[in-house]
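K.L.:
entry_24.pdb is reproduced below (PDB, C-alpha atoms and all ligand atoms).
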```pdb
ATOM      1  CA  MET T1304     -22.198  31.619 -15.280
ATOM      2  CA  LYS T1305     -24.573  29.258 -13.462
ATOM      3  CA  LYS T1306     -24.379  26.937 -16.423
ATOM      4  CA  ILE T1307     -20.599  26.732 -16.142
ATOM      5  CA  LEU T1308     -20.865  25.951 -12.457
ATOM      6  CA  PHE T1309     -23.343  23.174 -13.251
ATOM      7  CA  VAL T1310     -21.046  21.672 -15.856
ATOM      8  CA  VAL T1311     -18.071  21.836 -13.510
ATOM      9  CA  LEU T1312     -20.044  20.234 -10.691
ATOM     10  CA  SER T1313     -21.378  17.491 -12.980
ATOM     11  CA  LEU T1314     -17.872  16.747 -14.167
ATOM     12  CA  PHE T1315     -16.651  16.626 -10.604
ATOM     13  CA  ALA T1316     -19.446  14.225  -9.639
ATOM     14  CA  PHE T1317     -18.650  12.079 -12.645
ATOM     15  CA  VAL T1318     -14.969  11.897 -11.774
ATOM     16  CA  LEU T1319     -15.824  11.022  -8.176
ATOM     17  CA  SER T1320     -18.197   8.238  -9.198
ATOM     18  CA  ALA T1321     -15.670   6.918 -11.721
ATOM     19  CA  CYS T1322     -13.070   6.649  -8.989
ATOM     20  CA  GLY T1323     -15.425   4.804  -6.665
ATOM     21  CA  THR T1324     -14.904   5.081  -2.941
ATOM     22  CA  PRO T1325     -11.764   7.032  -2.073
ATOM     23  CA  ALA T1326      -9.123   4.439  -1.154
ATOM     24  CA  ALA T1327      -8.031   6.179   2.023
ATOM     25  CA  ALA T1328     -11.525   6.166   3.520
ATOM     26  CA  THR T1329     -12.462   2.510   3.061
ATOM     27  CA  PRO T1330      -9.765   0.039   2.122
ATOM     28  CA  GLU T1331     -10.882  -2.540  -0.435
ATOM     29  CA  ALA T1332     -12.159  -5.863   0.850
ATOM     30  CA  ILE T1333      -9.432  -8.454   1.402
ATOM     31  CA  PRO T1334      -9.859 -11.611  -0.730
ATOM     32  CA  ALA T1335     -10.910 -14.700   1.285
ATOM     33  CA  GLU T1336      -7.555 -16.348   0.578
ATOM     34  CA  PHE T1337      -5.865 -13.626   2.655
ATOM     35  CA  ALA T1338      -8.540 -12.369   5.048
ATOM     36  CA  GLY T1339      -7.816 -13.140   8.685
ATOM     37  CA  LYS T1340      -4.155 -14.098   8.153
ATOM     38  CA  THR T1341      -2.053 -13.129  11.135
ATOM     39  CA  ASN T1342       1.643 -12.490  11.541
ATOM     40  CA  THR T1343       3.043 -15.255  13.723
ATOM     41  CA  LEU T1344       6.534 -13.722  13.749
ATOM     42  CA  GLY T1345       7.636 -11.650  16.727
ATOM     43  CA  ALA T1346       8.474  -7.947  16.588
ATOM     44  CA  ASP T1347      12.181  -8.896  16.375
ATOM     45  CA  SER T1348      11.551 -10.081  12.800
ATOM     46  CA  ALA T1349      11.441  -6.388  11.864
ATOM     47  CA  THR T1350      15.265  -6.472  11.748
ATOM     48  CA  ALA T1351      15.242  -8.974   8.879
ATOM     49  CA  GLY T1352      12.296  -7.078   7.396
ATOM     50  CA  ALA T1353      14.339  -3.873   7.351
ATOM     51  CA  GLU T1354      16.936  -5.507   5.084
ATOM     52  CA  ILE T1355      14.260  -6.735   2.673
ATOM     53  CA  TYR T1356      12.619  -3.321   2.718
ATOM     54  CA  LYS T1357      15.922  -1.623   1.878
ATOM     55  CA  THR T1358      16.437  -3.942  -1.079
ATOM     56  CA  TYR T1359      12.959  -3.981  -2.608
ATOM     57  CA  CYS T1360      10.796  -1.154  -1.240
ATOM     58  CA  LEU T1361      12.843   1.823  -0.060
ATOM     59  CA  ALA T1362      13.485   3.215  -3.550
ATOM     60  CA  CYS T1363       9.784   4.056  -3.878
ATOM     61  CA  HIS T1364       8.403   4.194  -0.337
ATOM     62  CA  GLY T1365      11.342   6.056   1.224
ATOM     63  CA  GLU T1366      13.511   5.385   4.261
ATOM     64  CA  LYS T1367      10.718   5.842   6.829
ATOM     65  CA  GLY T1368       7.949   4.624   4.540
ATOM     66  CA  ALA T1369       6.503   8.081   3.943
ATOM     67  CA  GLY T1370       6.192   7.456   0.186
ATOM     68  CA  ASP T1371       9.051   9.817  -0.592
ATOM     69  CA  GLY T1372      11.660   7.509  -2.126
ATOM     70  CA  PRO T1373      13.615   8.819  -5.138
ATOM     71  CA  ALA T1374      11.999   6.308  -7.550
ATOM     72  CA  GLY T1375       8.519   7.259  -6.372
ATOM     73  CA  VAL T1376       8.692  10.953  -7.174
ATOM     74  CA  GLY T1377       7.191  10.801 -10.678
ATOM     75  CA  LEU T1378       4.623   8.075  -9.997
ATOM     76  CA  SER T1379       0.870   8.552 -10.039
ATOM     77  CA  PRO T1380      -0.496   7.574  -7.617
ATOM     78  CA  LYS T1381       2.544   8.177  -5.454
ATOM     79  CA  PRO T1382       3.793   5.315  -3.266
ATOM     80  CA  LYS T1383       1.707   4.948  -0.136
ATOM     81  CA  ASP T1384       2.684   6.414   3.226
ATOM     82  CA  LEU T1385       3.120   3.040   4.917
ATOM     83  CA  PRO T1386       2.958   3.962   8.640
ATOM     84  CA  GLU T1387      -0.173   5.986   7.928
ATOM     85  CA  LEU T1388      -1.778   3.059   6.103
ATOM     86  CA  ALA T1389      -0.624   0.554   8.726
ATOM     87  CA  ALA T1390      -2.482   2.506  11.404
ATOM     88  CA  THR T1391      -5.788   1.875   9.610
ATOM     89  CA  VAL T1392      -5.515  -1.708   8.269
ATOM     90  CA  GLY T1393      -4.747  -5.175   9.638
ATOM     91  CA  ASP T1394      -1.766  -7.423   8.946
ATOM     92  CA  ASP T1395      -3.844  -9.490   6.519
ATOM     93  CA  TYR T1396      -4.413  -6.384   4.374
ATOM     94  CA  LEU T1397      -0.700  -5.519   4.316
ATOM     95  CA  PHE T1398       0.281  -9.103   3.514
ATOM     96  CA  TRP T1399      -2.241  -9.318   0.675
ATOM     97  CA  ARG T1400      -1.114  -6.044  -0.916
ATOM     98  CA  ILE T1401       2.566  -6.867  -0.687
ATOM     99  CA  ALA T1402       1.967 -10.374  -2.082
ATOM    100  CA  LYS T1403      -0.377  -9.378  -4.909
ATOM    101  CA  GLY T1404       0.347  -5.703  -5.549
ATOM    102  CA  LYS T1405      -2.212  -3.037  -6.355
ATOM    103  CA  PRO T1406      -3.691  -3.056  -9.857
ATOM    104  CA  GLY T1407      -3.653   0.311 -11.595
ATOM    105  CA  THR T1408      -0.581   1.478  -9.659
ATOM    106  CA  SER T1409       3.171   0.862  -9.870
ATOM    107  CA  MET T1410       2.894  -1.439  -6.862
ATOM    108  CA  VAL T1411       3.650  -4.904  -8.212
ATOM    109  CA  GLY T1412       3.077  -8.177  -6.347
ATOM    110  CA  TRP T1413       6.123  -9.554  -4.574
ATOM    111  CA  GLN T1414       4.919 -13.117  -4.055
ATOM    112  CA  GLY T1415       7.245 -14.512  -6.717
ATOM    113  CA  THR T1416      10.238 -12.686  -5.227
ATOM    114  CA  LEU T1417       9.580 -12.965  -1.497
ATOM    115  CA  ASP T1418       8.292 -16.080   0.274
ATOM    116  CA  ASP T1419       5.574 -15.820   2.951
ATOM    117  CA  GLU T1420       8.072 -15.544   5.802
ATOM    118  CA  LYS T1421       9.895 -12.651   4.118
ATOM    119  CA  ILE T1422       6.612 -10.832   3.451
ATOM    120  CA  TRP T1423       5.699 -11.183   7.131
ATOM    121  CA  GLN T1424       9.140  -9.841   8.090
ATOM    122  CA  VAL T1425       8.459  -6.766   5.944
ATOM    123  CA  VAL T1426       5.022  -6.421   7.572
ATOM    124  CA  SER T1427       6.780  -6.471  10.982
ATOM    125  CA  PHE T1428       9.137  -3.782   9.735
ATOM    126  CA  ILE T1429       6.263  -1.602   8.482
ATOM    127  CA  ARG T1430       4.605  -2.005  11.900
ATOM    128  CA  SER T1431       7.820  -0.741  13.518
ATOM    129  CA  LEU T1432       7.819   2.486  11.445
ATOM    130  CA  LYS T1433       6.610   5.679  13.055
TER     131      LYS T1433
HETATM  132  C1  LIG T1501       8.036   1.045  -8.115
HETATM  133  C2  LIG T1501       7.773   1.660  -6.854
HETATM  134  C3  LIG T1501       7.339   0.773  -5.694
HETATM  135  C4  LIG T1501       8.050  -0.251  -5.096
HETATM  136  C5  LIG T1501       9.436  -0.751  -5.447
HETATM  137  C6  LIG T1501       7.216  -0.744  -4.015
HETATM  138  N1  LIG T1501       6.044  -0.044  -3.969
HETATM  139 FE1  LIG T1501       4.533  -0.314  -2.648
HETATM  140  N2  LIG T1501       3.405   1.044  -3.626
HETATM  141  C7  LIG T1501       3.816   1.781  -4.714
HETATM  142  C8  LIG T1501       2.692   2.536  -5.216
HETATM  143  C9  LIG T1501       2.715   3.489  -6.398
HETATM  144  C10 LIG T1501       1.582   2.206  -4.402
HETATM  145  C11 LIG T1501       0.141   2.667  -4.568
HETATM  146  C12 LIG T1501      -0.237   3.824  -3.706
HETATM  147  C13 LIG T1501      -1.701   4.122  -3.774
HETATM  148  O1  LIG T1501      -2.487   3.296  -4.232
HETATM  149  O2  LIG T1501      -2.067   5.221  -3.361
HETATM  150  C14 LIG T1501       2.083   1.272  -3.401
HETATM  151  C15 LIG T1501       1.309   0.742  -2.409
HETATM  152  C16 LIG T1501       1.781  -0.067  -1.389
HETATM  153  C17 LIG T1501       1.010  -0.526  -0.267
HETATM  154  C18 LIG T1501      -0.416  -0.126   0.030
HETATM  155  C19 LIG T1501      -1.426  -0.663  -0.924
HETATM  156  C20 LIG T1501      -2.764  -0.042  -0.668
HETATM  157  O3  LIG T1501      -3.708  -0.775  -0.490
HETATM  158  O4  LIG T1501      -2.890   1.177  -0.653
HETATM  159  C21 LIG T1501       1.823  -1.298   0.506
HETATM  160  C22 LIG T1501       1.476  -1.997   1.801
HETATM  161  C23 LIG T1501       3.111  -1.330  -0.141
HETATM  162  N3  LIG T1501       3.057  -0.580  -1.299
HETATM  163  C24 LIG T1501       4.220  -1.982   0.336
HETATM  164  C25 LIG T1501       5.382  -2.174  -0.401
HETATM  165  C26 LIG T1501       6.455  -3.069  -0.004
HETATM  166  C27 LIG T1501       6.512  -3.832   1.305
HETATM  167  C28 LIG T1501       7.375  -3.039  -0.998
HETATM  168  C29 LIG T1501       8.651  -3.836  -1.096
HETATM  169  C30 LIG T1501       8.538  -5.286  -1.018
HETATM  170  C31 LIG T1501       6.902  -2.099  -2.004
HETATM  171  N4  LIG T1501       5.689  -1.613  -1.613
HETATM  172  C32 LIG T1501       7.586  -1.766  -3.155
HETATM  173  C33 LIG T1501       5.079   1.792  -5.268
HETATM  174  C34 LIG T1501       6.077   0.881  -4.977
END
```
Could you express the structure from this file as structure tokens?
Ligand code: HEC
P.N.:
Amino acid sequence: MKKILFVVLSLFAFVLSACGTPAAATPEAIPAEFAGKTNTLGADSATAGAEIYKTYCLACHGEKGAGDGPAGVGLSPKPKDLPELAATVGDDYLFWRIAKGKPGTSMVGWQGTLDDEKIWQVVSFIRSLK
């Protein structure tokens, strides 16, 4: 019995180490190209951001950004809860992820589709979500 417990614990430790640091605890370091970028648009840009969000993001991230959109249901990992994430990271982090996507997930980079201004508008919209 003890042996089984040991094997299970070893496996668990292996899986944990293979995953690295849990993403929620410490967000990955922002590449220098993006670190320190700030959103120069006012909060009113969230209105334009809402339209972009509806077109490109809502299907996965859901109406309020909770990660519960219809196209996100079967994904692993599931789309991120955006207001929850936004409370723990800066604008530069959000901009970088939206521009470049997140490798290993269904989150693609939107840089080719959205220009910088549009990405910032979406960031403003995410900041307006509760
Ligand atoms: C095909 C479904 C899909 C679409 C469309 C999509 N996302 Fe995502 N998004 C994901 C998934 C899956 C993740 C990864 C969640 C995780 O890593 O836990 C993610 C992660 C994110 C993250 C957080 C990345 C991180 O570091 O955890 C942000 C910010 C984000 N998306 C914003 C957006 C925005 C803005 C749009 C629209 C321009 C968008 N997403 C469109 C599925 C999608």
K.L.:
Can you spell out as a list in words the set of residues that the PyMOL selection byres (((chain T and resi 1405) around 12) and not hetatm) selects in the structure I just provided?
P.N.:
Ala1326, Pro1330, Glu1331, Ile1333, Pro1380, Pro1382, Lys1383, Tyr1396, Leu1397, Phe1398, Trp1399, Arg1400, Ile1401, Ala1402, Lys1403, Gly1404, Pro1406, Gly1407, Thr1408, Ser1409, Met1410, Val1411, Gly1412 and Trp1413 of chain T
K.L.:
For each of T:Asp1394, T:Leu1388, T:Tyr1359, T:Leu1378, take the minimum atom-to-atom distance to Gly1339 in chain T, counting all atoms listed in the file, then give the residue where this is smallest.
P.N.:
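Answer, going by the shortest atom-to-atom distance: T:Asp1394.
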K.L.:
If we count all atoms listed in the file, what is near Asp1395 in chain T at a cut-off of 12 Å, once residues fewer than 4 positions away on the same chain are taken out, given as a ChimeraX atom specification?
P.N.:
/T:1332-1343,1389,1391,1399-1403,1419,1422-1423,1426-1427
K.L.:
Just to be explicit: take each residue in the selection above, keep C-alpha atoms, and write the result as a short mmCIF file (atom, residue, chain, number, x, y, z; two decimals), keeping the file's coordinate frame.
P.N.:
```cif
data_model
loop_
_atom_site.label_atom_id
_atom_site.label_comp_id
_atom_site.auth_asym_id
_atom_site.auth_seq_id
_atom_site.Cartn_x
_atom_site.Cartn_y
_atom_site.Cartn_z
CA ALA T 1332 -12.16 -5.86 0.85
CA ILE T 1333 -9.43 -8.45 1.40
CA PRO T 1334 -9.86 -11.61 -0.73
CA ALA T 1335 -10.91 -14.70 1.28
CA GLU T 1336 -7.56 -16.35 0.58
CA PHE T 1337 -5.86 -13.63 2.66
CA ALA T 1338 -8.54 -12.37 5.05
CA GLY T 1339 -7.82 -13.14 8.68
CA LYS T 1340 -4.16 -14.10 8.15
CA THR T 1341 -2.05 -13.13 11.14
CA ASN T 1342 1.64 -12.49 11.54
CA THR T 1343 3.04 -15.26 13.72
CA ALA T 1389 -0.62 0.55 8.73
CA THR T 1391 -5.79 1.88 9.61
CA TRP T 1399 -2.24 -9.32 0.68
CA ARG T 1400 -1.11 -6.04 -0.92
CA ILE T 1401 2.57 -6.87 -0.69
CA ALA T 1402 1.97 -10.37 -2.08
CA LYS T 1403 -0.38 -9.38 -4.91
CA ASP T 1419 5.57 -15.82 2.95
CA ILE T 1422 6.61 -10.83 3.45
CA TRP T 1423 5.70 -11.18 7.13
CA VAL T 1426 5.02 -6.42 7.57
CA SER T 1427 6.78 -6.47 10.98
#
```
K.L.:
For a test of reading the model, state the distance in Å between atom C6 of ligand LIG 1501 (chain T) and CA of Ala1346 in chain T, rounded to one decimal.
P.N.:
21.9 Å
K.L.:
Find the residue from T:Lys1433, T:Asp1418, T:Gly1372, T:Cys1360 that sits nearest to ligand LIG 1501 (chain T); use only C-alpha atoms and all ligand atoms when measuring.
P.N.:
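Ranking T:Lys1433, T:Asp1418, T:Gly1372, T:Cys1360 by distance to ligand LIG 1501 (chain T), first place goes to T:Cys1360.
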K.L.:
To one decimal place, how far is atom C14 of ligand LIG 1501 (chain T) from CA of Val1425 in chain T in Å?
P.N.:
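Straight-line distance from atom C14 of ligand LIG 1501 (chain T) to CA of Val1425 in chain T works out to 13.9 Å.
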K.L.:
Rounded to one decimal place, report the CA of Ser1431 in chain T-CA of Gly1377 in chain T distance in Å.
P.N.:
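Between CA of Ser1431 in chain T and CA of Gly1377 in chain T the gap is 26.8 Å.
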K.L.:
Identify all residues satisfying the PyMOL selection byres (((chain T and resi 1364) around 10) and not hetatm) in the given file; provide them as a list of chain:residue names.
P.N.:
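Evaluating the PyMOL selection byres (((chain T and resi 1364) around 10) and not hetatm) on this file yields T:Tyr1356, T:Lys1357, T:Tyr1359, T:Cys1360, T:Leu1361, T:Ala1362, T:Cys1363, T:Gly1365, T:Glu1366, T:Lys1367, T:Gly1368, T:Ala1369, T:Gly1370, T:Asp1371, T:Gly1372, T:Pro1373, T:Ala1374, T:Gly1375, T:Val1376, T:Lys1381, T:Pro1382, T:Lys1383, T:Asp1384, T:Leu1385.
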K.L.:
Looking at only C-alpha atoms and all ligand atoms, which of T:Ala1351, T:Ala1390, T:Leu1344, T:Ile1429 is the one that sits closest to ligand LIG 1501 (chain T)?
P.N.:
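Closest residue, counting only C-alpha atoms and all ligand atoms: T:Ile1429.
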K.L.:
May I have the centre and edge lengths, in Å to one decimal, of an axis-aligned box around the listed atoms of range 1396-1406 of chain T with 6 Å added to every side, as lines of an AutoDock Vina configuration file?
P.N.:
```
center_x = -0.9
center_y = -6.7
center_z = -2.7
size_x = 19.0
size_y = 19.3
size_z = 26.2
```
K.L.:
I need the residue nearest ligand LIG 1501 (chain T) from this list: T:Gly1415, T:Glu1387, T:Glu1420, T:Ile1355. Use all atoms listed in the file for the distance.
P.N.:
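Going through T:Gly1415, T:Glu1387, T:Glu1420, T:Ile1355 one by one, the smallest distance to ligand LIG 1501 (chain T) is for T:Ile1355.
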